[in-house]
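Okay, coords.tsv is below, TSV, C-alpha atoms and all ligand atoms:
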```tsv
chain	number	residue	atom	x	y	z
G	1	MET	CA	0.00	0.00	0.00
G	2	LEU	CA	1.32	3.38	-1.02
G	3	VAL	CA	0.98	6.36	1.36
G	4	VAL	CA	1.36	9.75	-0.35
G	5	GLU	CA	1.18	13.29	0.96
G	6	THR	CA	1.28	15.20	-2.31
G	7	ILE	CA	-1.08	15.61	-5.22
G	8	ASP	CA	1.80	14.94	-7.66
G	9	LYS	CA	2.51	11.53	-6.12
G	10	LEU	CA	-1.19	10.74	-6.05
G	11	HIS	CA	-1.41	11.58	-9.77
G	12	ALA	CA	1.60	9.36	-10.54
G	13	PHE	CA	-0.10	6.44	-8.77
G	14	LEU	CA	-3.39	7.08	-10.59
G	15	ALA	CA	-1.71	7.42	-13.99
G	16	GLU	CA	-0.29	3.89	-13.61
G	17	ALA	CA	-3.61	2.49	-12.47
G	18	ARG	CA	-5.45	4.10	-15.37
G	19	ALA	CA	-2.80	2.94	-17.85
G	20	ALA	CA	-3.42	-0.60	-16.60
G	21	GLY	CA	-7.13	-0.09	-17.33
G	22	LYS	CA	-8.16	-0.15	-13.67
G	23	SER	CA	-11.23	1.63	-12.33
G	24	VAL	CA	-10.72	3.88	-9.31
G	25	GLY	CA	-12.75	3.92	-6.10
G	26	LEU	CA	-12.35	6.79	-3.62
G	27	VAL	CA	-13.22	6.70	0.07
G	28	PRO	CA	-12.89	10.21	1.56
G	29	THR	CA	-12.29	10.17	5.32
G	30	MET	CA	-11.02	12.34	8.13
G	31	GLY	CA	-9.20	9.40	9.69
G	32	ALA	CA	-9.77	7.90	13.16
G	33	LEU	CA	-11.11	4.98	11.19
G	34	HIS	CA	-13.58	2.42	12.49
G	35	GLU	CA	-15.69	-0.43	11.15
G	36	GLY	CA	-18.03	2.07	9.46
G	37	HIS	CA	-15.15	3.30	7.30
G	38	ALA	CA	-13.98	-0.27	6.85
G	39	SER	CA	-17.35	-1.15	5.30
G	40	LEU	CA	-16.88	1.63	2.72
G	41	VAL	CA	-13.33	0.52	1.93
G	42	LYS	CA	-14.35	-3.14	1.60
G	43	ARG	CA	-17.08	-2.20	-0.83
G	44	SER	CA	-14.70	-0.04	-2.88
G	45	VAL	CA	-12.06	-2.78	-2.98
G	46	LYS	CA	-14.71	-5.19	-4.24
G	47	GLU	CA	-16.07	-2.86	-6.91
G	48	ASN	CA	-12.91	-1.20	-8.30
G	49	GLY	CA	-9.50	-2.01	-9.73
G	50	VAL	CA	-7.83	0.26	-7.19
G	51	THR	CA	-9.01	2.01	-4.04
G	52	VAL	CA	-7.74	5.37	-2.83
G	53	VAL	CA	-8.57	6.41	0.74
G	54	SER	CA	-8.02	10.04	1.67
G	55	VAL	CA	-7.24	10.83	5.30
G	56	PHE	CA	-7.54	14.54	5.90
G	57	VAL	CA	-9.07	16.46	8.79
G	58	ASN	CA	-10.52	19.26	6.69
G	59	PRO	CA	-10.33	22.55	8.62
G	60	THR	CA	-12.82	24.40	6.39
G	61	GLN	CA	-15.75	22.23	7.48
G	62	PHE	CA	-15.28	22.90	11.22
G	63	ASN	CA	-17.21	25.91	12.44
G	64	ASP	CA	-16.01	25.24	16.00
G	65	LYS	CA	-12.25	25.56	16.51
G	66	GLY	CA	-12.34	23.41	19.67
G	67	ASP	CA	-14.06	20.64	17.73
G	68	LEU	CA	-11.29	20.76	15.09
G	69	GLU	CA	-8.59	20.61	17.76
G	70	ARG	CA	-10.29	17.75	19.61
G	71	TYR	CA	-10.86	15.70	16.45
G	72	PRO	CA	-8.93	12.41	16.89
G	73	ARG	CA	-5.86	11.94	14.66
G	74	THR	CA	-4.55	8.36	14.38
G	75	LEU	CA	-2.82	8.08	10.98
G	76	GLU	CA	-0.54	5.16	11.89
G	77	ALA	CA	-3.37	2.95	13.15
G	78	ASP	CA	-5.53	4.07	10.21
G	79	CYS	CA	-2.86	2.94	7.74
G	80	GLN	CA	-2.58	-0.46	9.41
G	81	LEU	CA	-6.32	-1.00	9.09
G	82	LEU	CA	-6.39	0.28	5.50
G	83	GLU	CA	-3.55	-2.01	4.45
G	84	ALA	CA	-5.33	-5.01	5.96
G	85	LEU	CA	-8.47	-4.08	4.01
G	86	GLY	CA	-6.65	-4.08	0.68
G	87	THR	CA	-6.41	-0.32	0.10
G	88	ASP	CA	-4.00	0.51	-2.72
G	89	CYS	CA	-3.20	4.13	-1.90
G	90	VAL	CA	-3.68	6.41	1.11
G	91	PHE	CA	-3.70	10.11	0.32
G	92	ALA	CA	-2.84	11.96	3.55
G	93	PRO	CA	-2.00	15.53	2.55
G	94	THR	CA	-1.07	18.48	4.74
G	95	VAL	CA	-3.39	21.47	5.03
G	96	GLU	CA	-0.90	23.51	2.91
G	97	GLU	CA	-1.02	20.91	0.13
G	98	VAL	CA	-4.81	21.11	-0.14
G	99	TYR	CA	-5.20	24.81	0.63
G	100	PRO	CA	-2.05	26.61	-0.62
G	101	GLU	CA	-4.35	29.61	-0.61
G	102	PRO	CA	-7.75	30.05	1.06
G	103	ASP	CA	-10.61	28.37	-0.79
G	104	THR	CA	-13.10	31.19	-1.34
G	105	ARG	CA	-15.64	29.13	-3.30
G	106	VAL	CA	-19.20	29.50	-2.05
G	107	PHE	CA	-21.65	26.70	-2.79
G	108	ASP	CA	-25.41	26.92	-2.69
G	109	PHE	CA	-27.37	23.75	-2.06
G	110	ASP	CA	-30.62	25.45	-1.18
G	111	PRO	CA	-32.86	24.02	0.27
G	112	LEU	CA	-30.76	20.97	1.31
G	113	ASP	CA	-28.27	23.03	3.33
G	114	LYS	CA	-30.85	25.29	5.01
G	115	VAL	CA	-31.99	22.68	7.54
G	116	MET	CA	-30.53	20.59	10.38
G	117	GLU	CA	-26.68	20.62	10.25
G	118	GLY	CA	-26.92	23.60	7.89
G	119	VAL	CA	-28.62	25.59	10.67
G	120	TYR	CA	-26.50	24.41	13.58
G	121	ARG	CA	-23.15	24.27	11.79
G	122	PRO	CA	-23.14	27.29	9.49
G	123	GLY	CA	-20.53	26.93	6.75
G	124	HIS	CA	-20.03	23.21	7.46
G	125	PHE	CA	-21.39	21.95	4.16
G	126	ASN	CA	-19.57	24.64	2.22
G	127	GLY	CA	-16.35	23.25	3.70
G	128	VAL	CA	-17.39	19.68	2.93
G	129	ALA	CA	-18.15	20.67	-0.68
G	130	GLN	CA	-14.78	22.44	-0.94
G	131	ILE	CA	-12.78	19.41	0.14
G	132	VAL	CA	-14.88	16.75	-1.57
G	133	SER	CA	-14.88	18.65	-4.89
G	134	LYS	CA	-11.08	19.03	-4.62
G	135	LEU	CA	-10.72	15.29	-3.94
G	136	PHE	CA	-12.94	14.49	-6.92
G	137	MET	CA	-10.78	16.76	-9.10
G	138	TYR	CA	-7.50	15.22	-7.86
G	139	VAL	CA	-8.62	11.58	-8.07
G	140	GLU	CA	-11.32	11.62	-10.78
G	141	PRO	CA	-12.74	8.42	-9.31
G	142	ASP	CA	-15.24	6.17	-11.04
G	143	ARG	CA	-17.02	5.70	-7.72
G	144	ALA	CA	-16.90	7.46	-4.36
G	145	TYR	CA	-18.20	5.95	-1.12
G	146	PHE	CA	-19.96	7.76	1.73
G	147	GLY	CA	-21.79	6.55	4.83
G	148	GLU	CA	-25.52	7.06	5.33
G	149	LYS	CA	-24.86	8.07	8.93
G	150	ASP	CA	-24.10	11.54	7.57
G	151	PHE	CA	-27.44	11.50	5.81
G	152	GLN	CA	-27.57	15.21	4.98
G	153	GLN	CA	-23.95	15.22	3.81
G	154	LEU	CA	-24.69	12.38	1.40
G	155	ALA	CA	-27.67	14.26	-0.09
G	156	ILE	CA	-25.57	17.41	-0.45
G	157	ILE	CA	-22.69	15.57	-2.11
G	158	ARG	CA	-25.10	14.04	-4.61
G	159	GLU	CA	-26.42	17.54	-5.31
G	160	MET	CA	-22.86	18.91	-5.69
G	161	VAL	CA	-22.08	16.15	-8.22
G	162	ARG	CA	-25.21	17.13	-10.14
G	163	GLN	CA	-24.39	20.84	-10.06
G	164	MET	CA	-20.73	20.42	-11.01
G	165	ASP	CA	-21.38	17.65	-13.51
G	166	PHE	CA	-18.81	15.28	-12.02
G	167	LYS	CA	-18.74	12.00	-13.91
G	168	LEU	CA	-18.77	9.46	-11.11
G	169	GLU	CA	-21.12	7.29	-9.13
G	170	ILE	CA	-21.84	8.20	-5.52
G	171	VAL	CA	-22.33	5.04	-3.46
G	172	GLY	CA	-24.19	5.47	-0.17
G	173	CYS	CA	-23.45	2.72	2.39
G	174	PRO	CA	-25.61	1.73	5.40
G	175	ILE	CA	-24.83	2.86	8.95
G	176	VAL	CA	-22.66	0.40	10.86
G	177	ARG	CA	-23.60	-0.04	14.53
G	178	GLU	CA	-22.01	-1.62	17.58
G	179	ALA	CA	-23.80	-4.76	18.76
G	180	ASP	CA	-25.65	-2.62	21.33
G	181	GLY	CA	-26.91	-0.16	18.67
G	182	LEU	CA	-24.51	2.78	18.97
G	183	ALA	CA	-23.81	4.16	15.50
G	184	LEU	CA	-20.08	4.01	14.78
G	185	SER	CA	-18.40	7.40	14.69
G	186	SER	CA	-14.86	8.67	15.01
G	187	ARG	CA	-16.20	10.89	17.76
G	188	ASN	CA	-17.13	7.84	19.89
G	189	ALA	CA	-13.42	7.66	20.74
G	190	LEU	CA	-13.91	10.90	22.69
G	191	LEU	CA	-16.60	9.42	24.97
G	192	THR	CA	-15.73	8.26	28.47
G	193	PRO	CA	-16.91	4.69	29.25
G	194	GLU	CA	-19.85	6.19	31.22
G	195	GLN	CA	-20.77	8.54	28.38
G	196	ARG	CA	-20.66	5.66	25.93
G	197	VAL	CA	-23.37	3.92	27.99
G	198	THR	CA	-25.38	7.16	28.19
G	199	ALA	CA	-25.13	7.62	24.42
G	200	LEU	CA	-26.94	4.32	23.85
G	201	ALA	CA	-30.19	6.12	24.64
G	202	ILE	CA	-29.96	7.80	21.23
G	203	SER	CA	-30.14	4.69	19.05
G	204	LYS	CA	-32.54	3.09	21.51
G	205	ALA	CA	-34.97	6.02	21.16
G	206	LEU	CA	-34.71	5.83	17.36
G	207	PHE	CA	-35.29	2.06	17.20
G	208	THR	CA	-38.23	2.26	19.64
G	209	SER	CA	-39.75	5.06	17.59
G	210	VAL	CA	-40.04	2.87	14.50
G	211	ASP	CA	-42.60	0.60	16.21
G	212	TYR	CA	-44.18	3.56	18.00
G	213	ALA	CA	-44.67	5.26	14.63
G	214	LYS	CA	-46.92	2.42	13.46
G	215	GLU	CA	-49.57	3.47	15.98
G	216	HIS	CA	-48.87	7.17	16.45
G	217	SER	CA	-48.81	10.37	14.46
G	218	LEU	CA	-45.56	11.83	13.23
G	219	GLU	CA	-45.77	14.63	15.78
G	220	GLU	CA	-46.33	12.15	18.65
G	221	THR	CA	-43.42	10.02	17.46
G	222	LYS	CA	-41.18	13.05	17.26
G	223	GLN	CA	-42.18	14.06	20.78
G	224	MET	CA	-41.50	10.56	22.06
G	225	VAL	CA	-37.92	10.66	20.76
G	226	GLU	CA	-37.36	14.18	22.09
G	227	GLN	CA	-38.70	13.14	25.51
G	228	ALA	CA	-36.51	10.02	25.64
G	229	ILE	CA	-33.43	12.19	25.12
G	230	ALA	CA	-34.62	14.84	27.59
G	231	ASP	CA	-35.15	12.09	30.19
G	232	THR	CA	-31.56	10.84	29.85
G	233	GLU	CA	-29.15	12.61	32.14
G	234	GLY	CA	-25.99	13.57	30.30
G	235	LEU	CA	-27.63	14.02	26.90
G	236	GLU	CA	-28.71	17.30	25.36
G	237	LEU	CA	-30.78	17.29	22.21
G	238	GLU	CA	-29.74	19.73	19.51
G	239	TYR	CA	-32.46	18.73	17.06
G	240	TYR	CA	-34.62	15.86	15.98
G	241	GLU	CA	-36.14	16.38	12.54
G	242	VAL	CA	-38.34	13.99	10.63
G	243	VAL	CA	-37.77	14.79	6.97
G	244	ASN	CA	-38.50	13.83	3.42
G	245	GLY	CA	-35.49	11.66	2.58
G	246	ASP	CA	-35.07	13.25	-0.84
G	247	THR	CA	-35.60	16.95	-0.12
G	248	LEU	CA	-34.59	16.93	3.59
G	249	GLN	CA	-37.52	19.21	4.32
G	250	PRO	CA	-39.53	18.45	7.50
G	251	VAL	CA	-42.73	16.50	6.98
G	252	ALA	CA	-45.82	16.92	9.14
G	253	ALA	CA	-47.56	13.57	8.59
G	254	TRP	CA	-46.57	10.04	7.60
G	255	ASP	CA	-48.53	10.35	4.35
G	256	ASP	CA	-46.63	13.46	3.28
G	257	ALA	CA	-43.78	11.54	1.60
G	258	ASP	CA	-42.85	8.03	0.45
G	259	TYR	CA	-39.36	8.24	1.90
G	260	ILE	CA	-39.13	9.52	5.50
G	261	VAL	CA	-36.05	9.66	7.72
G	262	GLY	CA	-35.58	10.90	11.29
G	263	CYS	CA	-32.29	12.75	11.82
G	264	ILE	CA	-30.98	13.46	15.30
G	265	THR	CA	-28.08	15.37	16.81
G	266	VAL	CA	-27.33	15.07	20.51
G	267	TYR	CA	-24.55	16.33	22.73
G	268	CYS	CA	-23.15	13.78	25.13
G	269	GLY	CA	-21.01	16.06	27.28
G	270	LYS	CA	-18.97	17.97	24.73
G	271	VAL	CA	-19.19	15.23	22.12
G	272	ARG	CA	-21.63	15.91	19.30
G	273	LEU	CA	-23.23	12.70	18.03
G	274	ILE	CA	-25.50	12.24	15.03
G	275	ASP	CA	-27.67	9.34	13.98
G	276	ASN	CA	-30.70	8.68	11.80
G	277	ILE	CA	-33.42	6.13	11.19
G	278	ARG	CA	-35.61	5.39	8.20
G	279	TYR	CA	-39.39	5.23	8.84
G	280	LYS	CA	-40.47	4.46	5.28
Z	301	LIG	O1	-17.67	12.46	6.40
Z	301	LIG	C1	-16.50	12.85	6.56
Z	301	LIG	O2	-15.69	12.20	7.21
Z	301	LIG	C2	-16.07	14.16	5.96
Z	301	LIG	O3	-17.09	15.10	6.02
Z	301	LIG	C3	-15.53	14.02	4.53
Z	301	LIG	C4	-16.59	13.55	3.58
Z	301	LIG	C5	-14.36	13.05	4.53
Z	301	LIG	C6	-15.03	15.37	4.04
Z	301	LIG	O4	-14.01	15.88	4.85
```
Let me see the structure of the file written as structure tokens.
Ligand code: PAF
Amino acid sequence: MLVVETIDKLHAFLAEARAAGKSVGLVPTMGALHEGHASLVKRSVKENGVTVVSVFVNPTQFNDKGDLERYPRTLEADCQLLEALGTDCVFAPTVEEVYPEPDTRVFDFDPLDKVMEGVYRPGHFNGVAQIVSKLFMYVEPDRAYFGEKDFQQLAIIREMVRQMDFKLEIVGCPIVREADGLALSSRNALLTPEQRVTALAISKALFTSVDYAKEHSLEETKQMVEQAIADTEGLELEYYEVVNGDTLQPVAAWDDADYIVGCITVYCGKVRLIDNIRYK
């Protein structure tokens, strides 16, 4: 497995792969890899001639400086896992390599970026679009893999691909959970053992709500989830939105859309956790 820091070296690797007629899969990550990332890499390795995994904690998508500083960085362990998974190339650039000058591009994904994370993390999706579009331009992958845990991010990346006319397939992969239900996240590494137990109330509330929804209105179901979080000491709800899975706009009743997803963000201490569940 090759580990490169520069775009030139990445291009040299890709030129050889392309010359050999190999398709290219890209898995963009910010490192601190876990089984959720591993599922994306495994799928890419299966579906492409070569797999490139980028490991880059992208500063432009952090609207909270403390969050950026706290973000776990574990490149050595990440590379060990990636090698074992059959990754061909890890692209782990410095901030200067990616942003030799400030990226002033402003994206507009209205209305997808005007709700949920777009409200609570202003500028976040602009930063995601900046880095992901750069990665697509560097790598020109045939396929790129993203987790459904970041449900809004996935919708926005699909929209960015449409707007910018990138010629690649976006592959969304299901959330990977611990056996007890906790959605895998790099941020879980920041939880104390007690907080990790507390955080289980999030997935539990979501799972319970699926059955509850069969007998209750959307508003009642939403309230049930909100109450379950409020009743758990150590958790603070930022938002719980039940949205149309295509437009991400809130829906008022179960009959209002064919594809409905509940998206939640909760603080467990200082650690911001997100999760989602599909109702229909
Ligand atoms: O989902 C992530 O880890 C990041 O937002 C991404 C897509 C790698 C861009 O930095």
Closest-contact table, chain G side, partner ligand LIG 301 (chain Z), 9 Å, counting all atoms listed in the file, as JSON lines:
```
{"residue": "G:Val27", "atom": "CA", "partner": "Z:LIG301", "partner_atom": "C5", "distance": 7.8}
{"residue": "G:Pro28", "atom": "CA", "partner": "Z:LIG301", "partner_atom": "C5", "distance": 4.4}
{"residue": "G:Thr29", "atom": "CA", "partner": "Z:LIG301", "partner_atom": "C5", "distance": 3.6}
{"residue": "G:Met30", "atom": "CA", "partner": "Z:LIG301", "partner_atom": "O2", "distance": 4.8}
{"residue": "G:Gly31", "atom": "CA", "partner": "Z:LIG301", "partner_atom": "O2", "distance": 7.5}
{"residue": "G:His37", "atom": "CA", "partner": "Z:LIG301", "partner_atom": "O2", "distance": 8.9}
{"residue": "G:Ser54", "atom": "CA", "partner": "Z:LIG301", "partner_atom": "C5", "distance": 7.6}
{"residue": "G:Val55", "atom": "CA", "partner": "Z:LIG301", "partner_atom": "C5", "distance": 7.5}
{"residue": "G:Phe56", "atom": "CA", "partner": "Z:LIG301", "partner_atom": "O4", "distance": 6.7}
{"residue": "G:Val57", "atom": "CA", "partner": "Z:LIG301", "partner_atom": "O4", "distance": 6.3}
{"residue": "G:Asn58", "atom": "CA", "partner": "Z:LIG301", "partner_atom": "O4", "distance": 5.2}
{"residue": "G:Pro59", "atom": "CA", "partner": "Z:LIG301", "partner_atom": "O4", "distance": 8.5}
{"residue": "G:Thr60", "atom": "CA", "partner": "Z:LIG301", "partner_atom": "O4", "distance": 8.7}
{"residue": "G:Gln61", "atom": "CA", "partner": "Z:LIG301", "partner_atom": "O4", "distance": 7.1}
{"residue": "G:His124", "atom": "CA", "partner": "Z:LIG301", "partner_atom": "O3", "distance": 8.7}
{"residue": "G:Phe125", "atom": "CA", "partner": "Z:LIG301", "partner_atom": "O3", "distance": 8.3}
{"residue": "G:Gly127", "atom": "CA", "partner": "Z:LIG301", "partner_atom": "O4", "distance": 7.8}
{"residue": "G:Val128", "atom": "CA", "partner": "Z:LIG301", "partner_atom": "C6", "distance": 5.0}
{"residue": "G:Ala129", "atom": "CA", "partner": "Z:LIG301", "partner_atom": "C6", "distance": 7.8}
{"residue": "G:Gln130", "atom": "CA", "partner": "Z:LIG301", "partner_atom": "C6", "distance": 8.7}
{"residue": "G:Ile131", "atom": "CA", "partner": "Z:LIG301", "partner_atom": "O4", "distance": 6.0}
{"residue": "G:Val132", "atom": "CA", "partner": "Z:LIG301", "partner_atom": "C6", "distance": 5.8}
{"residue": "G:Phe146", "atom": "CA", "partner": "Z:LIG301", "partner_atom": "C4", "distance": 7.0}
{"residue": "G:Gly147", "atom": "CA", "partner": "Z:LIG301", "partner_atom": "O1", "distance": 7.4}
{"residue": "G:Lys149", "atom": "CA", "partner": "Z:LIG301", "partner_atom": "O1", "distance": 8.8}
{"residue": "G:Asp150", "atom": "CA", "partner": "Z:LIG301", "partner_atom": "O1", "distance": 6.6}
{"residue": "G:Gln153", "atom": "CA", "partner": "Z:LIG301", "partner_atom": "O3", "distance": 7.2}
{"residue": "G:Leu154", "atom": "CA", "partner": "Z:LIG301", "partner_atom": "C4", "distance": 8.5}
{"residue": "G:Ile157", "atom": "CA", "partner": "Z:LIG301", "partner_atom": "C4", "distance": 8.6}
{"residue": "G:Ser186", "atom": "CA", "partner": "Z:LIG301", "partner_atom": "O2", "distance": 8.6}
```
For stretch 87-100 of chain G, please output as a PDB file with C-alpha atoms, in the frame of the given file all residues within 6 Å (counting all atoms listed in the file; exclusion window: fewer than 2 positions along the same chain).
```
ATOM      1  CA  MET G   1       0.000   0.000   0.000  1.00  0.00           C
ATOM      2  CA  LEU G   2       1.320   3.380  -1.020  1.00  0.00           C
ATOM      3  CA  VAL G   3       0.980   6.360   1.360  1.00  0.00           C
ATOM      4  CA  VAL G   4       1.360   9.750  -0.350  1.00  0.00           C
ATOM      5  CA  GLU G   5       1.180  13.290   0.960  1.00  0.00           C
ATOM      6  CA  THR G   6       1.280  15.200  -2.310  1.00  0.00           C
ATOM      7  CA  VAL G  50      -7.830   0.260  -7.190  1.00  0.00           C
ATOM      8  CA  THR G  51      -9.010   2.010  -4.040  1.00  0.00           C
ATOM      9  CA  VAL G  52      -7.740   5.370  -2.830  1.00  0.00           C
ATOM     10  CA  VAL G  53      -8.570   6.410   0.740  1.00  0.00           C
ATOM     11  CA  SER G  54      -8.020  10.040   1.670  1.00  0.00           C
ATOM     12  CA  VAL G  55      -7.240  10.830   5.300  1.00  0.00           C
ATOM     13  CA  PHE G  56      -7.540  14.540   5.900  1.00  0.00           C
ATOM     14  CA  LEU G  82      -6.390   0.280   5.500  1.00  0.00           C
ATOM     15  CA  GLU G  83      -3.550  -2.010   4.450  1.00  0.00           C
ATOM     16  CA  LEU G  85      -8.470  -4.080   4.010  1.00  0.00           C
ATOM     17  CA  PRO G 102      -7.750  30.050   1.060  1.00  0.00           C
TER      18      PRO G 102
END
```
Stretch 223-228 of chain G environment, 8 Å, all atoms listed in the file, sequence neighbours closer than 2 positions dropped, as a ChimeraX atom specification: /G:201,205-206,209,219-221,230-232,237,240
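The two atoms in question, atom CA of G:Leu273 and atom CA of G:Asn126, are spaced 20.1 Å apart.
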With 4 Å of padding per side, what axis-aligned box (centre and edge lengths, Å, one decimal) covers all the listed atoms of stretch 229-234 of chain G? Give it as JSON.
```
{"center_x": -30.6, "center_y": 12.8, "center_z": 28.6, "size_x": 17.2, "size_y": 12.0, "size_z": 15.0}
```
Of the listed residues G:Met164, G:Asn63, G:Leu191, G:Gly234, that which approaches G:Ser133 most closely, counting only C-alpha atoms: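 Ranked by minimum distance to G:Ser133, first place goes to G:Met164.
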For atom CA of G:Glu169 and atom CA of G:Gly25, the interatomic separation in Å (one decimal):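 Value for the atom CA of G:Glu169-atom CA of G:Gly25 distance: 9.5 Å.
Candidate residues G:Tyr239, G:Tyr259, G:Asn48, G:Arg177 were compared for distance to G:Gly21, and the nearest is G:Asn48, using all atoms listed in the file.
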Straight-line distance linking atom CA of G:Val115 with atom CA of G:Val197, stated in Å to one decimal: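 Calculated distance between atom CA of G:Val115 and atom CA of G:Val197 is 29.1 Å.
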Nearest-residue call for G:Ile274, choices G:Leu190, G:Met116, G:Leu40, G:Ala253, using all atoms listed in the file: G:Met116
All residues 9 Å or closer to G:Met160, all atoms listed in the file, same chain fewer than 2 positions away omitted, as a PyMOL selection string: chain G and resi 107-109+129+133+155-158+162-166
Distance criterion (only C-alpha atoms): nearest to G:Ser44 out of G:Ala20, G:Ala144, G:Ile170, G:Val210: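 Nearest to G:Ser44: G:Ala144.
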Pick from G:Ala38, G:Cys263, G:Leu33, G:Val161, whichever lies nearest to G:Asp275 using all atoms listed in the file: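 That would be G:Cys263, the residue with the smallest distance to G:Asp275.
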Please complete stretch 144-155 of chain G so it has N, CA, C and O atoms, and hand it over as a compact mmCIF listing (two decimals), in the coordinates of the input.
```
# COMPACT_ATOMS: atom_id res chain seq x y z
N ALA G 144 -17.34 6.95 -5.66
CA ALA G 144 -16.90 7.46 -4.36
C ALA G 144 -17.91 7.00 -3.32
O ALA G 144 -19.12 6.96 -3.58
N TYR G 145 -17.41 6.65 -2.15
CA TYR G 145 -18.20 5.95 -1.12
C TYR G 145 -18.39 6.82 0.11
O TYR G 145 -17.42 7.36 0.65
N PHE G 146 -19.64 6.94 0.56
CA PHE G 146 -19.96 7.76 1.73
C PHE G 146 -20.96 6.99 2.59
O PHE G 146 -21.81 6.26 2.08
N GLY G 147 -20.90 7.25 3.91
CA GLY G 147 -21.79 6.55 4.83
C GLY G 147 -23.14 7.28 4.95
O GLY G 147 -23.20 8.50 4.90
N GLU G 148 -24.18 6.48 5.15
CA GLU G 148 -25.52 7.06 5.33
C GLU G 148 -25.71 7.66 6.72
O GLU G 148 -26.72 8.29 6.99
N LYS G 149 -24.74 7.44 7.61
CA LYS G 149 -24.86 8.07 8.93
C LYS G 149 -24.91 9.60 8.77
O LYS G 149 -25.68 10.27 9.42
N ASP G 150 -24.07 10.10 7.87
CA ASP G 150 -24.10 11.54 7.57
C ASP G 150 -25.12 11.73 6.44
O ASP G 150 -24.75 12.00 5.29
N PHE G 151 -26.37 11.58 6.81
CA PHE G 151 -27.44 11.50 5.81
C PHE G 151 -27.53 12.78 4.98
O PHE G 151 -27.65 12.75 3.75
N GLN G 152 -27.45 13.93 5.68
CA GLN G 152 -27.57 15.21 4.98
C GLN G 152 -26.34 15.45 4.09
O GLN G 152 -26.46 15.94 2.97
N GLN G 153 -25.17 15.06 4.61
CA GLN G 153 -23.95 15.22 3.81
C GLN G 153 -24.06 14.43 2.50
O GLN G 153 -23.69 14.94 1.43
N LEU G 154 -24.57 13.21 2.60
CA LEU G 154 -24.69 12.38 1.40
C LEU G 154 -25.60 13.05 0.37
O LEU G 154 -25.28 13.11 -0.83
N ALA G 155 -26.74 13.58 0.83
CA ALA G 155 -27.67 14.26 -0.09
C ALA G 155 -26.99 15.48 -0.73
O ALA G 155 -27.16 15.74 -1.93
```
